[in-house]
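Working notes, beginning with the structure itself.
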Amino acid sequence: MSKLLRADFVRLFRSKPFFIFCAIIAAFSVYLNIGHSVSLNTLNADYAILPFELLIYFSFAVTTAVSFFAGVNFSDGIIRNKLSSGYSKTEIYLANLTVCAVISAVFSVLYMTGGIWLVVYKKMNAATFITHILAGTAVAVSFSALGSAVTFVCRSKAVPIVVSAVIILTMCLGANLLHNKLDEPEYNREIETINGISVEGAEGFVYGNDDEVTFKTVKNDKFLPGGTKRTLLESLYRFIPAAQAIEISEVSYWSDTPDTVYRMENRGVDNFGDNAEITSPFDAFKTVDPFYCLIFQIIVTLAGIMIFRKEDLN
Amino acid sequence: MDYVLTSHSLCKSYKKFHALSDFSIHIPKGSVYGLIGRNGAGKTTFIRLVCGLQEPTGGVFNLYGEDSGTKGIYSARRRIGAIIESPAIYRNMTAKENLRQQYRALGLPSFDGIDELLELVGLSGTGKKKAGHFSLGMRQRLGIAVALCGNPDFLILDEPMNGLDPQGIIEIRELILKLNREMQVTILISSHILDELSRVATHYGFMDKGTMIKEMSEEELNAVQKKCVRLTVDNITALSVFLEKQNIEYSIVSDTQADVYGEINIAQLITGLFQSGCNVTSMHEKNESLESYFINLVGGEENV
């Protein structure tokens with residue numbers, strides 16, 4: 001397989017489209033960071049903005065590039081040469097996957113660091129930054145695994161681009177639904193009285209700044225308490241690369257505020273008393289995310305290999 | 001006899017359609033084996049199985065002593081070069097880059113021999129032209145050059161004459177003969193151009209509906225092909241009456257021509273015909289064509 005890997009890497013590094021992709025991504029990153037830099041100077045803010053907010057859109061670029069690279073095997077019929085040269089389908093798949101993973105990693109690092117020098121003078125926690133780069137790269141590699149699997153199953157160059165896009169959009173939708181479900185607060189705050197008058201059950205009332213308003217804390221029926229169901233849904237949420245991309249996008253704004261508090265505030269979650277249980281998928285993000293990425297990559301790759309091995313090629 | 005490739009009861013089904021059933025083949029070492037069959041007979045399916053593009057649903061084939069389905073089949077495949085249906089080449093690369101890429105994939109230590117290969121297939125002057133801009137014939141030749149990378153012992157060519165002009169067909173024919181005679185490469189060719197196939201093949205396999213009907217060597221084929229004399233006459237009715245009386249096998253070709261089979265005394269035939277009122281204006285000896293033999297073998301022209 002090493003010979004095949006070498007041949008595929010040589011093809012990659014002599015490929016003009018690959019370098020054009022790299023240049024576009026780096027330029028886009030610089031463009032984003034120029035915008036951030038201007039904003040920071042204008043606001044004189046005491047925080048830095050990391051350029052991860054478009055990671056989910058970046059996934060489309062990864063799957064497109066992967067489909068272009070791996071799809072040549074089928075569009076130009078090169079897979080026939082490889083098979084008749086004595087390589088197994090698994091070797092061909094894994095060699096392609098390795099190259100595609102490198103493509104996605106290169107894209108990821110370029111995207112995340114392309115223009116970072118423009119904002120690096122601001123306060124920036126290096127460990128946080130590196131963690132996010134690694135997490136972002138792990139997510140990008142997951143998307144390359146997905147793109148490879150789709151390409152080897154569809155066995156063409158153009159169709160996998162569309163199929164991958166549909167899968168990513170579906171994952172985004174699923175992730176969003178799970179996100180909302182998991183993010184339901186345990187308690188909601190409702191207005192109890194305005195100027196001593198009870199408004200319980202009333203609708204459409206208004207009150208001004210001078211009004212005396214009292215609130216009460218009510219249990220949220222939609223809140224999903226800790227337990228097997230929540231654990232399963234959290235695991236499923238973390239398993240979806242689109243969800244991880246969204247997570248990374250949402251923690252792109254780093255400040256001096258301690259992470260957990262910042263994230264909770266950012267998501268509109270307040271701490272309601274000593275008994276409140278704050279369970280957020282963000283809490284475990286830093287430690288378990290690469291693990292879930294790896295699980296996703298392994299499952300998708302095994303599924304891709306199994307299907308590809310059973311497919312009759314022409 | 002040493003065989004490069006054999007198969008026994010090989011089957012390949014696509015759902016309910018049996019592309020190959022109980023298929024057997026024996027390709028002798030050093031031969032040019034012509035695989036003949038109509039469209040859908042299973043020629044390309046068999047080649048796909050041998051090259052690893054598909055897996056048999058039953059039976060087994062043996063390539064260089066290694067059975068299909070075993071790990072050894074992968075190393076056996078390293079001894080083959082193949083071009084299946086259309087040439088497998090990178091369209092965004094030049095001819096030389098394509099060969100270099102195949103050399104890398106094969107793990108060859110140097111690029112020695114690439115210029116000779118390009119010369120051999122007549123593509124040495126293509127320079128920086130990308131393969132995507134090649135004519136079909138040029139792509140076909142490049143595909144053959146790619147298949148020849150690493151000096152394979154066994155070359156599989158599926159319809160190698162497709163898209164070639166007459167000059168290209170002659171060049172490929174000479175290349176096949178050269179590879180076989182000078183470099184002792186065993187070659188399996190499937191082709192619809194039977195006349196062309198008959199010029200290079202040393203062995204034949206006739207297949208129909210996924211099964212091998214008959215395998216034979218060139219000598220065996222020549223022996224069973226009917227010898228005949230084609231006569232051109234001015235009275236085809238008188239010819240027919242005379243041959244019927246003499247109990248000689250014949251077939252009418254046109255209003256003035258007929259093929260007369262078997263060992264015949266030419267002098268007696270011409271004299272007899274003259275006395276029956278039929279003048280022979282020309283005659284020449286000919287063999288039954290490979291095409292005719294194949295048509296007879298698969299059960300008549302309506303089946304082809």
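As shown in the structure tokens, the chain order sets the letters A, B, ...; within each chain, residues go from 1, and ligands are also counted from 1 in the order they appear.
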
Which residues of range 7-110 of chain A come within 10 Å of range 128-150 of chain A, and for each one, what is the closest pair of atoms and their distance in Å to one decimal, counting only C-alpha atoms, sorted by chain and residue number, as CSV?
residue,atom,partner,partner_atom,distance
A:Leu50,CA,A:Phe129,CA,7.7
A:Pro51,CA,A:Ile133,CA,10.0
A:Phe52,CA,A:Gly136,CA,7.9
A:Leu55,CA,A:Gly136,CA,7.6
A:Ile56,CA,A:Ala140,CA,9.3
A:Phe58,CA,A:Ala140,CA,8.2
A:Ser59,CA,A:Phe143,CA,6.2
A:Phe60,CA,A:Phe143,CA,8.4
A:Ala61,CA,A:Phe143,CA,9.7
A:Val62,CA,A:Ser144,CA,6.2
A:Thr63,CA,A:Gly147,CA,4.7
A:Thr64,CA,A:Gly147,CA,7.6
A:Ala65,CA,A:Gly147,CA,8.7
A:Val66,CA,A:Gly147,CA,5.9
A:Ser67,CA,A:Gly147,CA,6.2
A:Phe68,CA,A:Gly147,CA,9.8
A:Phe69,CA,A:Ser148,CA,9.2
A:Ala70,CA,A:Ser148,CA,6.8
A:Gly71,CA,A:Ser148,CA,8.8
A:Tyr93,CA,A:Ser148,CA,8.1
A:Leu94,CA,A:Ser148,CA,9.4
A:Asn96,CA,A:Ser148,CA,7.6
A:Leu97,CA,A:Ser148,CA,6.2
A:Thr98,CA,A:Ala145,CA,9.0
A:Val99,CA,A:Ser144,CA,9.5
A:Cys100,CA,A:Ser144,CA,5.9
A:Ala101,CA,A:Val141,CA,5.2
A:Val102,CA,A:Val141,CA,7.9
A:Ile103,CA,A:Ser144,CA,8.1
A:Ser104,CA,A:Ala140,CA,5.6
A:Ala105,CA,A:Thr137,CA,5.5
A:Val106,CA,A:Thr137,CA,8.5
A:Phe107,CA,A:Ala140,CA,8.3
A:Ser108,CA,A:Thr137,CA,5.4
A:Val109,CA,A:Ile133,CA,6.9

File dump, residues just selected, C-alpha atoms, as a PDB file, in the first residue's frame:
ATOM      1  CA  LEU A  50     -10.806  33.123  16.330  1.00  0.00           C
ATOM      2  CA  PRO A  51     -11.698  32.460  12.720  1.00  0.00           C
ATOM      3  CA  PHE A  52     -13.723  29.306  13.175  1.00  0.00           C
ATOM      4  CA  LEU A  55     -16.318  25.843   9.911  1.00  0.00           C
ATOM      5  CA  ILE A  56     -19.587  24.207   8.899  1.00  0.00           C
ATOM      6  CA  PHE A  58     -15.789  24.868   5.226  1.00  0.00           C
ATOM      7  CA  SER A  59     -16.956  21.242   5.386  1.00  0.00           C
ATOM      8  CA  PHE A  60     -18.481  21.648   1.922  1.00  0.00           C
ATOM      9  CA  ALA A  61     -15.080  22.693   0.558  1.00  0.00           C
ATOM     10  CA  VAL A  62     -13.491  19.609   2.137  1.00  0.00           C
ATOM     11  CA  THR A  63     -16.011  17.127   0.714  1.00  0.00           C
ATOM     12  CA  THR A  64     -15.842  18.823  -2.700  1.00  0.00           C
ATOM     13  CA  ALA A  65     -12.036  18.600  -2.815  1.00  0.00           C
ATOM     14  CA  VAL A  66     -12.125  14.995  -1.622  1.00  0.00           C
ATOM     15  CA  SER A  67     -14.705  14.075  -4.268  1.00  0.00           C
ATOM     16  CA  PHE A  68     -12.571  15.691  -6.953  1.00  0.00           C
ATOM     17  CA  PHE A  69      -9.456  13.842  -5.846  1.00  0.00           C
ATOM     18  CA  ALA A  70     -10.925  10.412  -5.132  1.00  0.00           C
ATOM     19  CA  GLY A  71     -13.506  10.622  -7.934  1.00  0.00           C
ATOM     20  CA  TYR A  93      -9.679   2.930  -0.231  1.00  0.00           C
ATOM     21  CA  LEU A  94      -7.302   3.461   2.680  1.00  0.00           C
ATOM     22  CA  ASN A  96      -7.157   7.486  -0.847  1.00  0.00           C
ATOM     23  CA  LEU A  97      -8.555   8.164   2.600  1.00  0.00           C
ATOM     24  CA  THR A  98      -5.088   8.961   3.933  1.00  0.00           C
ATOM     25  CA  VAL A  99      -4.437  11.464   1.168  1.00  0.00           C
ATOM     26  CA  CYS A 100      -7.904  12.972   1.592  1.00  0.00           C
ATOM     27  CA  ALA A 101      -7.336  13.302   5.340  1.00  0.00           C
ATOM     28  CA  VAL A 102      -4.141  15.211   4.605  1.00  0.00           C
ATOM     29  CA  ILE A 103      -6.036  17.422   2.147  1.00  0.00           C
ATOM     30  CA  SER A 104      -8.621  18.261   4.804  1.00  0.00           C
ATOM     31  CA  ALA A 105      -5.968  18.842   7.473  1.00  0.00           C
ATOM     32  CA  VAL A 106      -4.040  21.217   5.191  1.00  0.00           C
ATOM     33  CA  PHE A 107      -7.244  23.081   4.341  1.00  0.00           C
ATOM     34  CA  SER A 108      -8.220  23.223   7.992  1.00  0.00           C
ATOM     35  CA  VAL A 109      -4.914  24.630   9.201  1.00  0.00           C
TER      36      VAL A 109
END

Q: May I have all residues of range 35-248 of chain B that DSSP, computed from the backbone, assigns to strand (DSSP E or B), given as an NGL selection string?
A: :B and (35-36 or 58-63 or 66-67 or 80-83 or 94 or 130 or 154-158 or 186-190 or 203-208 or 211-217 or 227-233)

Could you list, as a compact mmCIF listing (two decimals) with all heavy atoms, in the first residue's frame, every residue of chain B that has an atom within 9 Å of an atom of chain A, counting only C-alpha atoms?
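This is the output file selection.txt:
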# COMPACT_ATOMS: atom_id res chain seq x y z
N THR B 45 -17.21 -9.47 -18.62
CA THR B 45 -17.46 -9.90 -17.24
C THR B 45 -16.33 -10.79 -16.75
O THR B 45 -15.82 -10.62 -15.64
CB THR B 45 -18.81 -10.65 -17.15
OG1 THR B 45 -19.84 -9.78 -17.59
CG2 THR B 45 -19.10 -11.13 -15.74
N ARG B 48 -13.30 -8.74 -16.11
CA ARG B 48 -13.45 -7.97 -14.87
C ARG B 48 -13.18 -8.84 -13.64
O ARG B 48 -12.58 -8.39 -12.67
CB ARG B 48 -14.86 -7.39 -14.78
CG ARG B 48 -15.07 -6.19 -15.68
CD ARG B 48 -16.50 -5.71 -15.57
NE ARG B 48 -16.77 -4.65 -16.52
CZ ARG B 48 -17.94 -4.45 -17.09
NH1 ARG B 48 -18.96 -5.22 -16.79
NH2 ARG B 48 -18.11 -3.47 -17.93
N VAL B 50 -11.21 -11.48 -13.54
CA VAL B 50 -9.77 -11.78 -13.49
C VAL B 50 -8.99 -10.58 -12.96
O VAL B 50 -8.06 -10.72 -12.16
CB VAL B 50 -9.25 -12.17 -14.90
CG1 VAL B 50 -7.73 -12.33 -14.90
CG2 VAL B 50 -9.90 -13.47 -15.35
N CYS B 51 -9.43 -9.38 -13.35
CA CYS B 51 -8.70 -8.16 -12.94
C CYS B 51 -9.10 -7.67 -11.55
O CYS B 51 -8.53 -6.70 -11.06
CB CYS B 51 -8.94 -7.06 -13.96
SG CYS B 51 -8.16 -7.40 -15.53
N GLY B 52 -10.08 -8.31 -10.93
CA GLY B 52 -10.42 -7.95 -9.56
C GLY B 52 -11.46 -6.85 -9.44
O GLY B 52 -11.72 -6.37 -8.33
N LEU B 53 -12.06 -6.46 -10.54
CA LEU B 53 -13.09 -5.43 -10.46
C LEU B 53 -14.37 -5.98 -9.85
O LEU B 53 -15.16 -5.25 -9.25
CB LEU B 53 -13.40 -4.85 -11.84
CG LEU B 53 -12.52 -3.70 -12.30
CD1 LEU B 53 -11.12 -4.18 -12.67
CD2 LEU B 53 -13.13 -2.99 -13.48
N GLN B 54 -14.57 -7.27 -10.06
CA GLN B 54 -15.75 -7.92 -9.51
C GLN B 54 -15.35 -9.28 -8.93
O GLN B 54 -14.27 -9.78 -9.25
CB GLN B 54 -16.81 -8.11 -10.61
CG GLN B 54 -17.25 -6.79 -11.24
CD GLN B 54 -18.30 -6.96 -12.32
OE1 GLN B 54 -18.77 -8.05 -12.60
NE2 GLN B 54 -18.67 -5.83 -12.91
N GLU B 55 -16.21 -9.82 -8.10
CA GLU B 55 -15.94 -11.12 -7.48
C GLU B 55 -16.89 -12.17 -8.08
O GLU B 55 -18.06 -11.87 -8.32
CB GLU B 55 -16.16 -11.04 -5.97
CG GLU B 55 -15.16 -10.15 -5.24
CD GLU B 55 -13.74 -10.67 -5.32
OE1 GLU B 55 -13.55 -11.89 -5.28
OE2 GLU B 55 -12.81 -9.83 -5.43
N ILE B 73 -3.85 -14.27 -4.96
CA ILE B 73 -4.34 -13.74 -6.24
C ILE B 73 -3.84 -12.30 -6.46
O ILE B 73 -3.62 -11.87 -7.59
CB ILE B 73 -5.89 -13.82 -6.32
CG1 ILE B 73 -6.36 -13.66 -7.78
CG2 ILE B 73 -6.55 -12.79 -5.45
CD1 ILE B 73 -6.03 -14.80 -8.67
N TYR B 74 -3.62 -11.58 -5.34
CA TYR B 74 -3.16 -10.18 -5.49
C TYR B 74 -1.74 -10.13 -6.06
O TYR B 74 -1.43 -9.31 -6.91
CB TYR B 74 -3.23 -9.44 -4.15
CG TYR B 74 -4.66 -9.29 -3.65
CD1 TYR B 74 -5.10 -9.97 -2.52
CD2 TYR B 74 -5.56 -8.47 -4.31
CE1 TYR B 74 -6.40 -9.85 -2.07
CE2 TYR B 74 -6.87 -8.34 -3.87
CZ TYR B 74 -7.29 -9.02 -2.75
OH TYR B 74 -8.59 -8.90 -2.32
N SER B 75 -0.89 -11.03 -5.57
CA SER B 75 0.47 -11.04 -6.11
C SER B 75 0.48 -11.57 -7.54
O SER B 75 1.28 -11.14 -8.37
CB SER B 75 1.40 -11.86 -5.20
OG SER B 75 0.88 -13.15 -5.04
N ALA B 76 -0.43 -12.50 -7.84
CA ALA B 76 -0.52 -13.01 -9.22
C ALA B 76 -0.94 -11.89 -10.17
O ALA B 76 -0.46 -11.82 -11.30
CB ALA B 76 -1.51 -14.16 -9.28
N ARG B 77 -1.82 -11.02 -9.69
CA ARG B 77 -2.29 -9.91 -10.55
C ARG B 77 -1.17 -8.92 -10.86
O ARG B 77 -1.27 -8.16 -11.81
CB ARG B 77 -3.45 -9.18 -9.87
CG ARG B 77 -4.76 -9.92 -9.96
CD ARG B 77 -5.96 -9.01 -9.75
NE ARG B 77 -7.18 -9.82 -9.76
CZ ARG B 77 -7.92 -10.10 -8.67
NH1 ARG B 77 -7.58 -9.59 -7.51
NH2 ARG B 77 -9.00 -10.85 -8.77
N ARG B 78 -0.12 -8.92 -10.02
CA ARG B 78 0.99 -8.00 -10.30
C ARG B 78 1.72 -8.39 -11.58
O ARG B 78 2.51 -7.62 -12.09
CB ARG B 78 1.95 -7.97 -9.11
CG ARG B 78 1.25 -7.39 -7.90
CD ARG B 78 2.15 -6.82 -6.84
NE ARG B 78 1.28 -6.24 -5.80
CZ ARG B 78 1.13 -6.72 -4.58
NH1 ARG B 78 1.83 -7.75 -4.19
NH2 ARG B 78 0.30 -6.15 -3.73
N ARG B 79 1.43 -9.60 -12.05
CA ARG B 79 2.10 -10.05 -13.30
C ARG B 79 1.28 -9.75 -14.54
O ARG B 79 1.65 -10.14 -15.62
CB ARG B 79 2.37 -11.57 -13.20
CG ARG B 79 3.31 -11.92 -12.06
CD ARG B 79 3.50 -13.42 -11.93
NE ARG B 79 4.24 -13.96 -13.07
CZ ARG B 79 4.58 -15.24 -13.19
NH1 ARG B 79 4.24 -16.10 -12.24
NH2 ARG B 79 5.25 -15.66 -14.23
N ILE B 80 0.13 -9.11 -14.34
CA ILE B 80 -0.70 -8.84 -15.51
C ILE B 80 -0.79 -7.33 -15.80
O ILE B 80 -0.60 -6.50 -14.92
CB ILE B 80 -2.13 -9.43 -15.38
CG1 ILE B 80 -2.96 -8.66 -14.33
CG2 ILE B 80 -2.09 -10.90 -15.06
CD1 ILE B 80 -4.41 -9.11 -14.28
N GLY B 81 -1.07 -7.05 -17.06
CA GLY B 81 -1.40 -5.69 -17.46
C GLY B 81 -2.74 -5.79 -18.16
O GLY B 81 -3.01 -6.79 -18.83
N ALA B 82 -3.58 -4.79 -17.99
CA ALA B 82 -4.92 -4.93 -18.56
C ALA B 82 -5.46 -3.61 -19.07
O ALA B 82 -5.15 -2.55 -18.53
CB ALA B 82 -5.87 -5.51 -17.52
N ILE B 83 -6.21 -3.72 -20.13
CA ILE B 83 -6.99 -2.58 -20.59
C ILE B 83 -8.40 -3.11 -20.81
O ILE B 83 -8.61 -4.01 -21.60
CB ILE B 83 -6.37 -1.91 -21.83
CG1 ILE B 83 -7.29 -0.85 -22.39
CG2 ILE B 83 -6.00 -2.88 -22.91
CD1 ILE B 83 -6.59 0.06 -23.39
N ILE B 84 -9.32 -2.58 -20.04
CA ILE B 84 -10.68 -3.12 -20.02
C ILE B 84 -11.64 -2.08 -20.58
O ILE B 84 -11.80 -1.00 -20.01
CB ILE B 84 -11.10 -3.49 -18.58
CG1 ILE B 84 -10.07 -4.43 -17.96
CG2 ILE B 84 -12.48 -4.13 -18.57
CD1 ILE B 84 -10.12 -4.51 -16.46
N GLU B 85 -12.23 -2.40 -21.68
CA GLU B 85 -13.18 -1.54 -22.39
C GLU B 85 -12.54 -0.21 -22.82
O GLU B 85 -12.12 -0.06 -23.94
CB GLU B 85 -14.44 -1.30 -21.56
CG GLU B 85 -15.32 -2.55 -21.51
CD GLU B 85 -16.65 -2.30 -20.85
OE1 GLU B 85 -16.67 -1.76 -19.73
OE2 GLU B 85 -17.66 -2.70 -21.43
N SER B 86 -12.48 0.76 -21.90
CA SER B 86 -11.88 2.05 -22.27
C SER B 86 -10.54 2.20 -21.54
O SER B 86 -10.36 1.64 -20.46
CB SER B 86 -12.82 3.18 -21.87
OG SER B 86 -13.11 3.12 -20.50
N PRO B 87 -9.61 2.93 -22.13
CA PRO B 87 -8.31 3.08 -21.48
C PRO B 87 -8.41 3.84 -20.16
O PRO B 87 -9.12 4.84 -20.07
CB PRO B 87 -7.48 3.86 -22.51
CG PRO B 87 -8.47 4.49 -23.41
CD PRO B 87 -9.68 3.62 -23.41
N ALA B 88 -7.71 3.34 -19.14
CA ALA B 88 -7.72 3.98 -17.82
C ALA B 88 -6.50 4.88 -17.69
O ALA B 88 -5.40 4.42 -17.40
CB ALA B 88 -7.72 2.90 -16.74
N ILE B 89 -6.72 6.16 -17.95
CA ILE B 89 -5.60 7.11 -17.91
C ILE B 89 -6.05 8.41 -17.25
O ILE B 89 -7.23 8.76 -17.30
CB ILE B 89 -5.08 7.42 -19.34
CG1 ILE B 89 -6.24 7.76 -20.26
CG2 ILE B 89 -4.28 6.25 -19.88
CD1 ILE B 89 -5.84 8.18 -21.66
N TYR B 90 -5.08 9.10 -16.64
CA TYR B 90 -5.38 10.41 -16.06
C TYR B 90 -5.47 11.42 -17.21
O TYR B 90 -4.48 11.65 -17.91
CB TYR B 90 -4.28 10.84 -15.10
CG TYR B 90 -4.21 10.00 -13.84
CD1 TYR B 90 -3.23 9.03 -13.69
CD2 TYR B 90 -5.10 10.20 -12.80
CE1 TYR B 90 -3.15 8.27 -12.53
CE2 TYR B 90 -5.03 9.44 -11.64
CZ TYR B 90 -4.06 8.49 -11.51
OH TYR B 90 -3.98 7.74 -10.38
N ARG B 91 -6.64 12.02 -17.36
CA ARG B 91 -6.84 12.92 -18.49
C ARG B 91 -6.11 14.25 -18.32
O ARG B 91 -5.88 14.96 -19.29
CB ARG B 91 -8.34 13.18 -18.68
CG ARG B 91 -9.05 11.97 -19.24
CD ARG B 91 -10.56 12.06 -19.10
NE ARG B 91 -11.17 10.82 -19.54
CZ ARG B 91 -11.69 10.65 -20.76
NH1 ARG B 91 -11.69 11.62 -21.63
NH2 ARG B 91 -12.22 9.50 -21.09
N GLN B 101 3.17 7.82 -13.33
CA GLN B 101 2.23 7.57 -12.23
C GLN B 101 2.01 6.07 -12.06
O GLN B 101 1.97 5.56 -10.93
CB GLN B 101 0.91 8.29 -12.53
CG GLN B 101 -0.08 8.32 -11.38
CD GLN B 101 0.42 9.08 -10.16
OE1 GLN B 101 1.41 9.82 -10.22
NE2 GLN B 101 -0.25 8.88 -9.04
N GLN B 102 1.90 5.36 -13.18
CA GLN B 102 1.71 3.91 -13.10
C GLN B 102 2.99 3.23 -12.58
O GLN B 102 2.90 2.28 -11.80
CB GLN B 102 1.33 3.35 -14.49
CG GLN B 102 1.06 1.86 -14.54
CD GLN B 102 -0.17 1.44 -13.74
OE1 GLN B 102 -0.91 2.27 -13.22
NE2 GLN B 102 -0.38 0.14 -13.62
N TYR B 103 4.13 3.76 -12.96
CA TYR B 103 5.40 3.23 -12.44
C TYR B 103 5.45 3.37 -10.91
O TYR B 103 5.89 2.47 -10.21
CB TYR B 103 6.58 3.98 -13.06
CG TYR B 103 7.18 3.33 -14.29
CD1 TYR B 103 6.39 2.96 -15.37
CD2 TYR B 103 8.55 3.08 -14.39
CE1 TYR B 103 6.92 2.36 -16.50
CE2 TYR B 103 9.11 2.49 -15.52
CZ TYR B 103 8.28 2.13 -16.57
OH TYR B 103 8.82 1.55 -17.68
N ARG B 104 5.01 4.54 -10.43
CA ARG B 104 5.00 4.78 -8.98
C ARG B 104 4.05 3.81 -8.29
O ARG B 104 4.38 3.23 -7.25
CB ARG B 104 4.57 6.21 -8.67
CG ARG B 104 5.61 7.25 -8.97
CD ARG B 104 5.18 8.63 -8.46
NE ARG B 104 5.96 9.65 -9.13
CZ ARG B 104 5.51 10.39 -10.15
NH1 ARG B 104 4.28 10.24 -10.59
NH2 ARG B 104 6.28 11.28 -10.71
N ALA B 105 2.86 3.66 -8.87
CA ALA B 105 1.86 2.76 -8.26
C ALA B 105 2.37 1.32 -8.21
O ALA B 105 2.07 0.59 -7.28
CB ALA B 105 0.55 2.83 -9.03
N LEU B 106 3.16 0.96 -9.21
CA LEU B 106 3.72 -0.39 -9.23
C LEU B 106 4.96 -0.51 -8.35
O LEU B 106 5.47 -1.60 -8.11
CB LEU B 106 4.08 -0.79 -10.67
CG LEU B 106 2.90 -1.00 -11.63
CD1 LEU B 106 3.39 -1.16 -13.05
CD2 LEU B 106 2.09 -2.22 -11.22
N GLY B 107 5.46 0.65 -7.90
CA GLY B 107 6.64 0.65 -7.04
C GLY B 107 7.93 0.36 -7.79
O GLY B 107 8.88 -0.18 -7.21
N LEU B 108 7.96 0.71 -9.06
CA LEU B 108 9.19 0.47 -9.85
C LEU B 108 10.27 1.47 -9.41
O LEU B 108 9.96 2.65 -9.17
CB LEU B 108 8.90 0.60 -11.34
CG LEU B 108 7.87 -0.41 -11.87
CD1 LEU B 108 7.57 -0.17 -13.34
CD2 LEU B 108 8.37 -1.84 -11.67
N VAL B 146 0.20 1.96 -20.63
CA VAL B 146 0.05 1.87 -19.16
C VAL B 146 -0.02 0.40 -18.75
O VAL B 146 0.59 -0.01 -17.76
CB VAL B 146 -1.22 2.64 -18.70
CG1 VAL B 146 -1.53 2.35 -17.24
CG2 VAL B 146 -1.03 4.15 -18.89
N ALA B 147 -0.76 -0.38 -19.53
CA ALA B 147 -0.88 -1.81 -19.21
C ALA B 147 0.46 -2.53 -19.33
O ALA B 147 0.69 -3.54 -18.67
CB ALA B 147 -1.91 -2.46 -20.14

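Contact shell of Val32 in chain B at 10 Å (only C-alpha atoms; same-chain neighbours under 2 positions omitted): B:Ile27, B:Pro28, B:Lys29, B:Gly30, B:Gly34, B:Leu35, B:Phe154, B:Leu155, B:Ile156, B:Ile176, B:Leu177, B:Leu179, B:Asn180, B:Arg181, B:Gln184, B:Val185, B:Thr186, B:Ile187, B:Leu188, B:Ile189, B:Leu197, B:Val200, B:Ala201, B:Thr202, B:His203, B:Tyr204, B:Ser217, B:Glu218.
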
Q | Between CA of Tyr250 in chain B and CA of Leu231 in chain B, distance in Å (one decimal) | A | 10.3 Å

Q: Tell me, as number ranges by chain, which residues lie within 7 Å of range 268-281 of chain B, counting only C-alpha atoms; anything in the same chain fewer than 3 positions away does not count.
A: B: 231-235, 238-239, 242, 265

For N, CA and C atoms, I'd like the residues from the last selection saved as an mmCIF file, in the first residue's frame.
data_model
loop_
_atom_site.group_PDB
_atom_site.id
_atom_site.type_symbol
_atom_site.label_atom_id
_atom_site.label_comp_id
_atom_site.auth_asym_id
_atom_site.auth_seq_id
_atom_site.Cartn_x
_atom_site.Cartn_y
_atom_site.Cartn_z
ATOM 1 N N LEU B 231 -16.787 -20.667 -57.086
ATOM 2 C CA LEU B 231 -16.916 -20.663 -58.543
ATOM 3 C C LEU B 231 -17.788 -19.508 -58.991
ATOM 4 N N THR B 232 -17.342 -18.864 -60.098
ATOM 5 C CA THR B 232 -18.193 -17.867 -60.729
ATOM 6 C C THR B 232 -18.609 -18.454 -62.085
ATOM 7 N N VAL B 233 -19.917 -18.578 -62.305
ATOM 8 C CA VAL B 233 -20.419 -19.267 -63.505
ATOM 9 C C VAL B 233 -21.455 -18.399 -64.233
ATOM 10 N N ASP B 234 -21.785 -18.809 -65.483
ATOM 11 C CA ASP B 234 -22.782 -18.034 -66.234
ATOM 12 C C ASP B 234 -24.180 -18.646 -66.130
ATOM 13 N N ASN B 235 -24.281 -19.858 -65.523
ATOM 14 C CA ASN B 235 -25.587 -20.489 -65.388
ATOM 15 C C ASN B 235 -25.669 -21.171 -64.022
ATOM 16 N N ALA B 238 -27.828 -24.525 -63.853
ATOM 17 C CA ALA B 238 -27.147 -25.713 -64.374
ATOM 18 C C ALA B 238 -26.107 -26.201 -63.377
ATOM 19 N N LEU B 239 -25.431 -25.280 -62.744
ATOM 20 C CA LEU B 239 -24.433 -25.639 -61.702
ATOM 21 C C LEU B 239 -25.111 -26.388 -60.566
ATOM 22 N N PHE B 242 -26.172 -29.922 -61.606
ATOM 23 C CA PHE B 242 -25.003 -30.807 -61.754
ATOM 24 C C PHE B 242 -24.466 -31.235 -60.379
ATOM 25 N N ASN B 265 -12.273 -32.973 -57.770
ATOM 26 C CA ASN B 265 -11.373 -32.989 -58.927
ATOM 27 C C ASN B 265 -11.782 -31.830 -59.822
#

Q: List the neighbours of range 223-234 of chain A out to 7 Å using only C-alpha atoms; skip same-chain residues closer than 4 positions along the sequence, and give me the result as a PyMOL selection string.
A: chain A and resi 182+184-186+238+281

**Q.** Å distance separating CA of Lys227 in chain B from CA of Asp208 in chain B, one decimal place
**A.**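 Taking CA of Lys227 in chain B as the start and CA of Asp208 in chain B as the end point, the length is 25.1 Å.
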
**Q.** Distance in Å - CA of Val121 in chain B versus CA of Asp153 in chain B
**A.**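 These two atoms are separated by 17.7 Å.
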
(Q) Give me the residues near Lys286 in chain B as number ranges by chain, where near means some atom within 8 Å (using only C-alpha atoms) and where sequence neighbours in that chain fewer than 3 positions away do not count. (A) B: 227-230
